[in-house]
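Take a look at the structure set out below.
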Amino acid sequence: MNSITKNRFLSLKNYILLFVLLASVVMKAQQLPPIIPKPVDIKMLQGNFTIDGTTGIYYKATHQELKATADFLASYVKNISGFSLAINKPAKKKIQFIIEKGVPEEGYLLDVSRAAIVIKASDSKGIFYGMQSLIQTMPFVRTNAALVIPAMAVKDYPRFQWRGMMLDVSRHFFSPELVKEFIDLLAAYKMNVFHWHLVDGAGWRLEIKKYPKLTQQAAWRVDDWGKSWNWAEVEFNADRNKATYGGYYTQQQAKEIVAYAKARNITVVPEIEMPGHSEAAMAAYPELSCNPKKHFGQSGNFYASKVESNFCAGNEQSFAFLQDVLTEVMTIFPSVYIHVGGDEVDKTSWKLCAKCQARMKTEQLKDENELQSYFMQRIEKFLVSKNRKMIGWDEILEGGLAPEATVMSWRGEAGGIQAAKMGHDVIMTPGSPCYFDHYQGDPETEPLAIGGFNTLKKVYHYEPIPKELTAEEAKRVLGSQANLWTEYIPTYEQVEYMILPRMPALAEVLWSVKEQRDWQNFTERLQPHLVGFEQKGLHYSKCNFKVDIKPIVANDKLSIALETENTDAVIYYTTDGSVPSIGSIKYEKPFDVHTSMTVKAIMALHNKVMSAKPVEQSFTFNKVTGKAVQYANAFSRYYPANGANTLTDGFRGTKDIGKEWHGFSGNDMVATIDLGDTKAAISSITLGCIQNWGQWVFLPQWVKFEVSEDGINFKEVKTITNSIPAAGRDTQIKDFTAKFAEQKVKALRITAKNLGQCPAGHPGENQSSWLFVDEIMVE
């Protein structure tokens with residue numbers, strides 16, 4: 001190459017490099033800031049505004065309600081940069097807050113130019129939310145870099161008025177300081193309701209001055225929760241040498257938390273559980289139960305009979321007590337809504353109680369469901385007299401709903417749909433996907449959780465308006481919230497881990513325009529927030545970096561699909577049990593299974609392995625793998641596992657009952673499999689089952705195996721009786737296997753006999769038990 005050609009080549013090369021550099025600068029300039037929730041409308045403009053020591057915050061003196069927001073922003077900038085922003089004092093550059101009519105409620109207009117930053121809203125809430133969007137364009141922690149805000153015009157307002165999170169502090173107590181940190185996380189993502197679950201069977205957490213034993217005794221228990229979180233094991237004790245675990249909030253501390261939340265535009269909704277889940281209250285004041293002589297001693301296990309945990313609905317003292325408690329609660333919490341629980345009431349004690357039965361006769365109530373309705377309507381009438389509104393879990397529908405009550409639908413959406421059609425306001429909070437105590441990733445690599453499976457993607461794709469509602473009925477859906485029950489969450493670090501990053505995902509569901517939500521765009525905007533969590537020392541789940549191994553059963557064949565929620569990821573896998581790497585097989589499409597194997601997989605971003613460790617799954621391959629299954633009784637829609645062919649997908653269930661198990665509530669499992677046109681020679685059939693006492697799941701009484709030569713007439717080859725007691729508390733997986741002389745058959749049928757009801761002494765005694773089954777294996 002001569003010198004002229006070489007120089008021309010270098011010039012062309014430099015030109016290309018310059019073009020690429022300029023293009024990247026332009027692309028970066030046009031890139032939307034990572035604001036979560038996604039604004040209704042955002043336009044990027046030319047230039048930027050730099051916050052420095054010459055910047056001040058300004059609002060009119062007539063709008064003193066903006067002072068708290070100005071102080072909040074000034075404090076944030078001070079913490080990350082060291083700059084002290086003047087407030088309502090002469091400054092070279094201004095960040096201006098303006099109250100202006102015409103902006104939707106809680107909405108805001110954010111305009112950033114080279115000259116100024118202006119936030120307009122019709123009230124202080126909108127100004128606060130505009131400020132939060134502004135903050136999300138800044139660094140998360142202390143920096144020496146310039147605070148450069150890109151020029152933009154943002155128009156924004158929320159879709160729903162109720163955007164909430166519930167924190168259970170009964171199972172595990174969290175200090176006032178940690179509760180404030182929880183509120184800060186909500187505020188950062190424009191959530192506006194903090195549902196505070198203060199009272200449950202595991203502990204009473206709020207000072208009630210008229211009833212001091214609620215905090216002297218019912219707030220403290222013997223520290224054996226790790227042995228069993230079930231409330232039947234709780235032991236309360238007034239002796240501090242024995243009962244050392246617990247705590248409570250004084251009324252002054254609670255008022256401070258309410259004020260702290262109000263400054264962040266968050267309403268604190270207290271929950272005082274009734275008439276069930278009241279073991280803690282009964283421990284302190286047993287005279288309020290149906291049988292005060294039977295239990296609730298101050299030492300030893302107070303819980304002598306599971307049927308004594310309700311407030312006695314026939315005892316006027318119960319209502320006097322609850323009205324006194326609620327009166328003090330209302331002096332602390334200005335929220336229009338007061339949550340009164342109402343869920344999972346075991347009405348056995350009422351059936352056995354003379355006072356309750358007399359009440360039913362006097363009030364002409366036909367059953368205990370109507371007695372619960374009577375109970376809740378009396379409480380609602382009291383709250384309404386104090387200009388408050390009652391809200392409760394969807395069981396308050398049972399026996400008839402109180403006239404003005406709001407329903408919080410947690411057992412799916414059916415209760416919410418029913419209430420909305422009846423003209424009642426509704427908060428949608430179904431267990432799937434709004435229970436954040438459920439697993440968000442592979443249980444083998446995640447902290448122990450109560451069960452279930454609610455991934456980040458599943459949360460993001462939630463739609464709070466059920467399709468069953470008309471446009472008019474849909475107006476009754478005020479919004480949604482996520483619930484964090486803490487049976488398995490003893491530390492605040494784990495609280496953070498369980499809500500991050502799922503809470504920002506739900507925040508976008510509740511704030512942003514439905515049609516504009518985009519999963520890939522959300523995950524892109526989420527990445528800087530994940531970095532921010534790490535920089536601030538917040539614990540969060542990295543389950544967005546995991547691979548899901550999913551079986552596909554079709555046309556009597558088994559295939560395996562590998563999936564990840566991260567759209568930019570590349571998956572690599574092995575099938576020989578070796579540890580995968582970037583040099584392993586790159587996943588392109590589902591692959592067939594013809595033999596038993598162990599699949600291991602990882603995901604990578606930009607050639608960097610992101611998986612903490614490979615996910616793996618062993619597949620069994622036998623004579624019914626991939627075959628279609630017909631059921632005499634449908635499996636529960638709450639436990640569908642991998643669909644109708646879960647029992648033949650080669651995927652064995654683990655101790656996580658929420659993943660690979662079919663569930664049958666109260667019903668037997670009767671499964672039939674046609675082996676095809678050619679008879680198969682078989683001599684062994686196995687059915688996998690699981691027992692999980694705490695989740696009301698029990699092994700079958702027996703399993704019957706039948707075979708057929710014509711697919712019509714079946715004969716029994718063996719029945720296996722279960723030998724494991726139902727009282728066992730440990731989770732156990734058991735294979736029921738029938739071995740017999742080899743036979744050629746066209747079809748087989750397996751019947752697993754449900755226990756029917758939870759056994760005596762169990763919290764669900766006399767209620768329907770669950771039967772869980774997984775793989776059928778035939779050799």
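Naming works like this for the structure tokens: A, B, ... for the chains as they're shown, residue 1 at the start of each chain, ligands 1 onward in shown order.
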
- Among stretch 350-567 of chain A, which residues carry a DSSP assignment of strand (DSSP E), reported as a ChimeraX atom specification? /A:389-393,406-409,426-428,477-484,548-554,557-563

For the selection you just gave me, I'd like the residues written to a file as a CSV table (one decimal), in the first residue's frame, keeping C-alpha atoms.
chain,number,residue,atom,x,y,z
A,389,LYS,CA,-64.6,3.6,55.7
A,390,MET,CA,-64.2,-0.1,56.4
A,391,ILE,CA,-62.0,-2.3,54.2
A,392,GLY,CA,-61.6,-6.0,54.6
A,393,TRP,CA,-60.3,-9.1,52.8
A,406,THR,CA,-64.5,-1.9,50.4
A,407,VAL,CA,-63.3,-5.4,49.5
A,408,MET,CA,-59.6,-6.3,49.2
A,409,SER,CA,-59.6,-9.4,46.9
A,426,VAL,CA,-62.4,-3.0,45.2
A,427,ILE,CA,-58.7,-3.3,45.7
A,428,MET,CA,-57.2,-6.2,43.6
A,477,VAL,CA,-61.5,-1.1,41.0
A,478,LEU,CA,-59.5,1.6,42.9
A,479,GLY,CA,-56.2,-0.1,42.2
A,480,SER,CA,-54.1,-2.8,43.5
A,481,GLN,CA,-51.3,-3.6,46.0
A,482,ALA,CA,-48.8,-6.3,46.8
A,483,ASN,CA,-48.7,-8.1,50.2
A,484,LEU,CA,-45.7,-9.1,52.1
A,548,ASP,CA,-36.3,-21.5,33.2
A,549,ILE,CA,-36.3,-25.1,32.0
A,550,LYS,CA,-39.8,-25.9,30.7
A,551,PRO,CA,-41.1,-29.2,29.3
A,552,ILE,CA,-43.3,-29.3,26.3
A,553,VAL,CA,-45.6,-32.2,25.7
A,554,ALA,CA,-47.2,-32.5,22.3
A,557,LYS,CA,-43.4,-36.4,22.4
A,558,LEU,CA,-41.4,-34.5,25.1
A,559,SER,CA,-39.4,-31.4,24.2
A,560,ILE,CA,-37.5,-29.0,26.4
A,561,ALA,CA,-37.7,-25.2,26.1
A,562,LEU,CA,-35.2,-22.8,27.8
A,563,GLU,CA,-36.5,-19.3,28.7

- If you count only C-alpha atoms, which residues fall within 8 Å of A:Glu395, apart from same-chain ones fewer than 2 positions away, as a list in words? Gly342, Asp343, Glu344, Gly392, Trp393, Leu397, Glu398 and Gly415 of chain A

- Task: Extract, using only C-alpha atoms, all DNA, RNA and protein residues at most 8 Å from A:Asn645, discarding same-chain residues fewer than 5 positions from it, and format them as a list in words.
- Result: Val553, Gly626, Lys627, Ala628 and Val629 of chain A

Selection export as an mmCIF file, in the first residue's frame, atoms kept: all heavy atoms:
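Generated file (out-v4.cif):
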data_model
loop_
_atom_site.group_PDB
_atom_site.id
_atom_site.type_symbol
_atom_site.label_atom_id
_atom_site.label_comp_id
_atom_site.auth_asym_id
_atom_site.auth_seq_id
_atom_site.Cartn_x
_atom_site.Cartn_y
_atom_site.Cartn_z
ATOM 1 N N VAL A 553 -45.043 -30.949 26.121
ATOM 2 C CA VAL A 553 -45.596 -32.245 25.744
ATOM 3 C C VAL A 553 -46.595 -32.037 24.619
ATOM 4 O O VAL A 553 -47.580 -31.318 24.771
ATOM 5 C CB VAL A 553 -46.278 -32.922 26.942
ATOM 6 C CG1 VAL A 553 -46.939 -34.219 26.509
ATOM 7 C CG2 VAL A 553 -45.261 -33.195 28.050
ATOM 8 N N GLY A 626 -44.529 -38.008 27.617
ATOM 9 C CA GLY A 626 -45.109 -37.289 26.488
ATOM 10 C C GLY A 626 -46.534 -37.685 26.153
ATOM 11 O O GLY A 626 -47.168 -37.075 25.285
ATOM 12 N N LYS A 627 -47.070 -38.724 26.830
ATOM 13 C CA LYS A 627 -48.426 -39.187 26.536
ATOM 14 C C LYS A 627 -49.463 -38.245 27.148
ATOM 15 O O LYS A 627 -49.234 -37.609 28.175
ATOM 16 C CB LYS A 627 -48.648 -40.605 27.093
ATOM 17 C CG LYS A 627 -47.692 -41.657 26.541
ATOM 18 C CD LYS A 627 -47.944 -41.939 25.070
ATOM 19 C CE LYS A 627 -47.074 -43.080 24.568
ATOM 20 N NZ LYS A 627 -47.257 -43.330 23.119
ATOM 21 N N ALA A 628 -50.633 -38.194 26.501
ATOM 22 C CA ALA A 628 -51.727 -37.362 26.986
ATOM 23 C C ALA A 628 -52.376 -38.000 28.210
ATOM 24 O O ALA A 628 -52.448 -39.223 28.326
ATOM 25 C CB ALA A 628 -52.767 -37.160 25.887
ATOM 26 N N VAL A 629 -52.853 -37.142 29.128
ATOM 27 C CA VAL A 629 -53.491 -37.606 30.356
ATOM 28 C C VAL A 629 -54.924 -37.081 30.403
ATOM 29 O O VAL A 629 -55.176 -35.904 30.138
ATOM 30 C CB VAL A 629 -52.718 -37.109 31.601
ATOM 31 C CG1 VAL A 629 -53.375 -37.646 32.875
ATOM 32 C CG2 VAL A 629 -51.258 -37.523 31.538
#

- Item | 10 Å contact set for A:Tyr285, only C-alpha atoms, chain neighbours under 2 positions out, as a list of chain:residue names | A:Tyr211, A:Lys213, A:Leu214, A:Gln217, A:Ala218, A:Glu279, A:Ala280, A:Ala281, A:Met282, A:Ala283, A:Glu287, A:Leu288, A:Ser289, A:Pro292, A:Phe296, A:Ser318, A:Phe321

- Spatial neighbours of stretch 733-748 of chain A, max dist 10 Å, only C-alpha atoms, sep filter under 6 positions, as an MDAnalysis selection string: chainID A and resid 624 653:655 671:692 699:700 702:722 724 772:779

- Message: I need the residues in stretch 375-438 of chain A that are helix (DSSP H, G or I) according to DSSP; give them as a count of residues only.
- Response: 27

- Message: So that I can check the surroundings of stretch 510-524 of chain A, please list as a count of residues only every protein, DNA and RNA residue that reaches within 7 Å of it, counting only C-alpha atoms and ignoring chain neighbours fewer than 4 positions away.
- Response: 11

- Message: With only C-alpha atoms as the counted atoms, please give the residues lying no more than 8 Å from A:Val615, apart from itself and same-chain residues fewer than 2 positions off, as number ranges by chain.
- Response: A: 442, 546-549, 600-602, 613, 617

Please, could you write that set of residues out with C-alpha atoms as a short mmCIF file (atom, residue, chain, number, x, y, z; two decimals), in the first residue's frame?
data_model
loop_
_atom_site.label_atom_id
_atom_site.label_comp_id
_atom_site.auth_asym_id
_atom_site.auth_seq_id
_atom_site.Cartn_x
_atom_site.Cartn_y
_atom_site.Cartn_z
CA ASP A 442 -35.75 -21.15 41.44
CA LYS A 546 -32.07 -16.91 35.61
CA VAL A 547 -33.06 -19.55 33.07
CA ASP A 548 -36.34 -21.46 33.22
CA ILE A 549 -36.34 -25.05 32.00
CA LYS A 600 -28.06 -27.54 33.00
CA ALA A 601 -28.27 -23.98 31.67
CA ILE A 602 -26.85 -20.50 32.18
CA LYS A 613 -24.97 -20.86 39.26
CA GLN A 617 -33.35 -30.24 35.97
#

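Between atom CA of A:Pro490 and atom CA of A:Gln695 the interatomic distance comes to 19.5 Å.
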
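Minimum distance to A:Leu66 across A:Val509, A:Val103, A:Ile98, A:Ile51 (counting only C-alpha atoms) occurs at A:Ile98.
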
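When atom CA of A:Gly399 is paired with atom CA of A:Gln372, their separation reads 6.9 Å.
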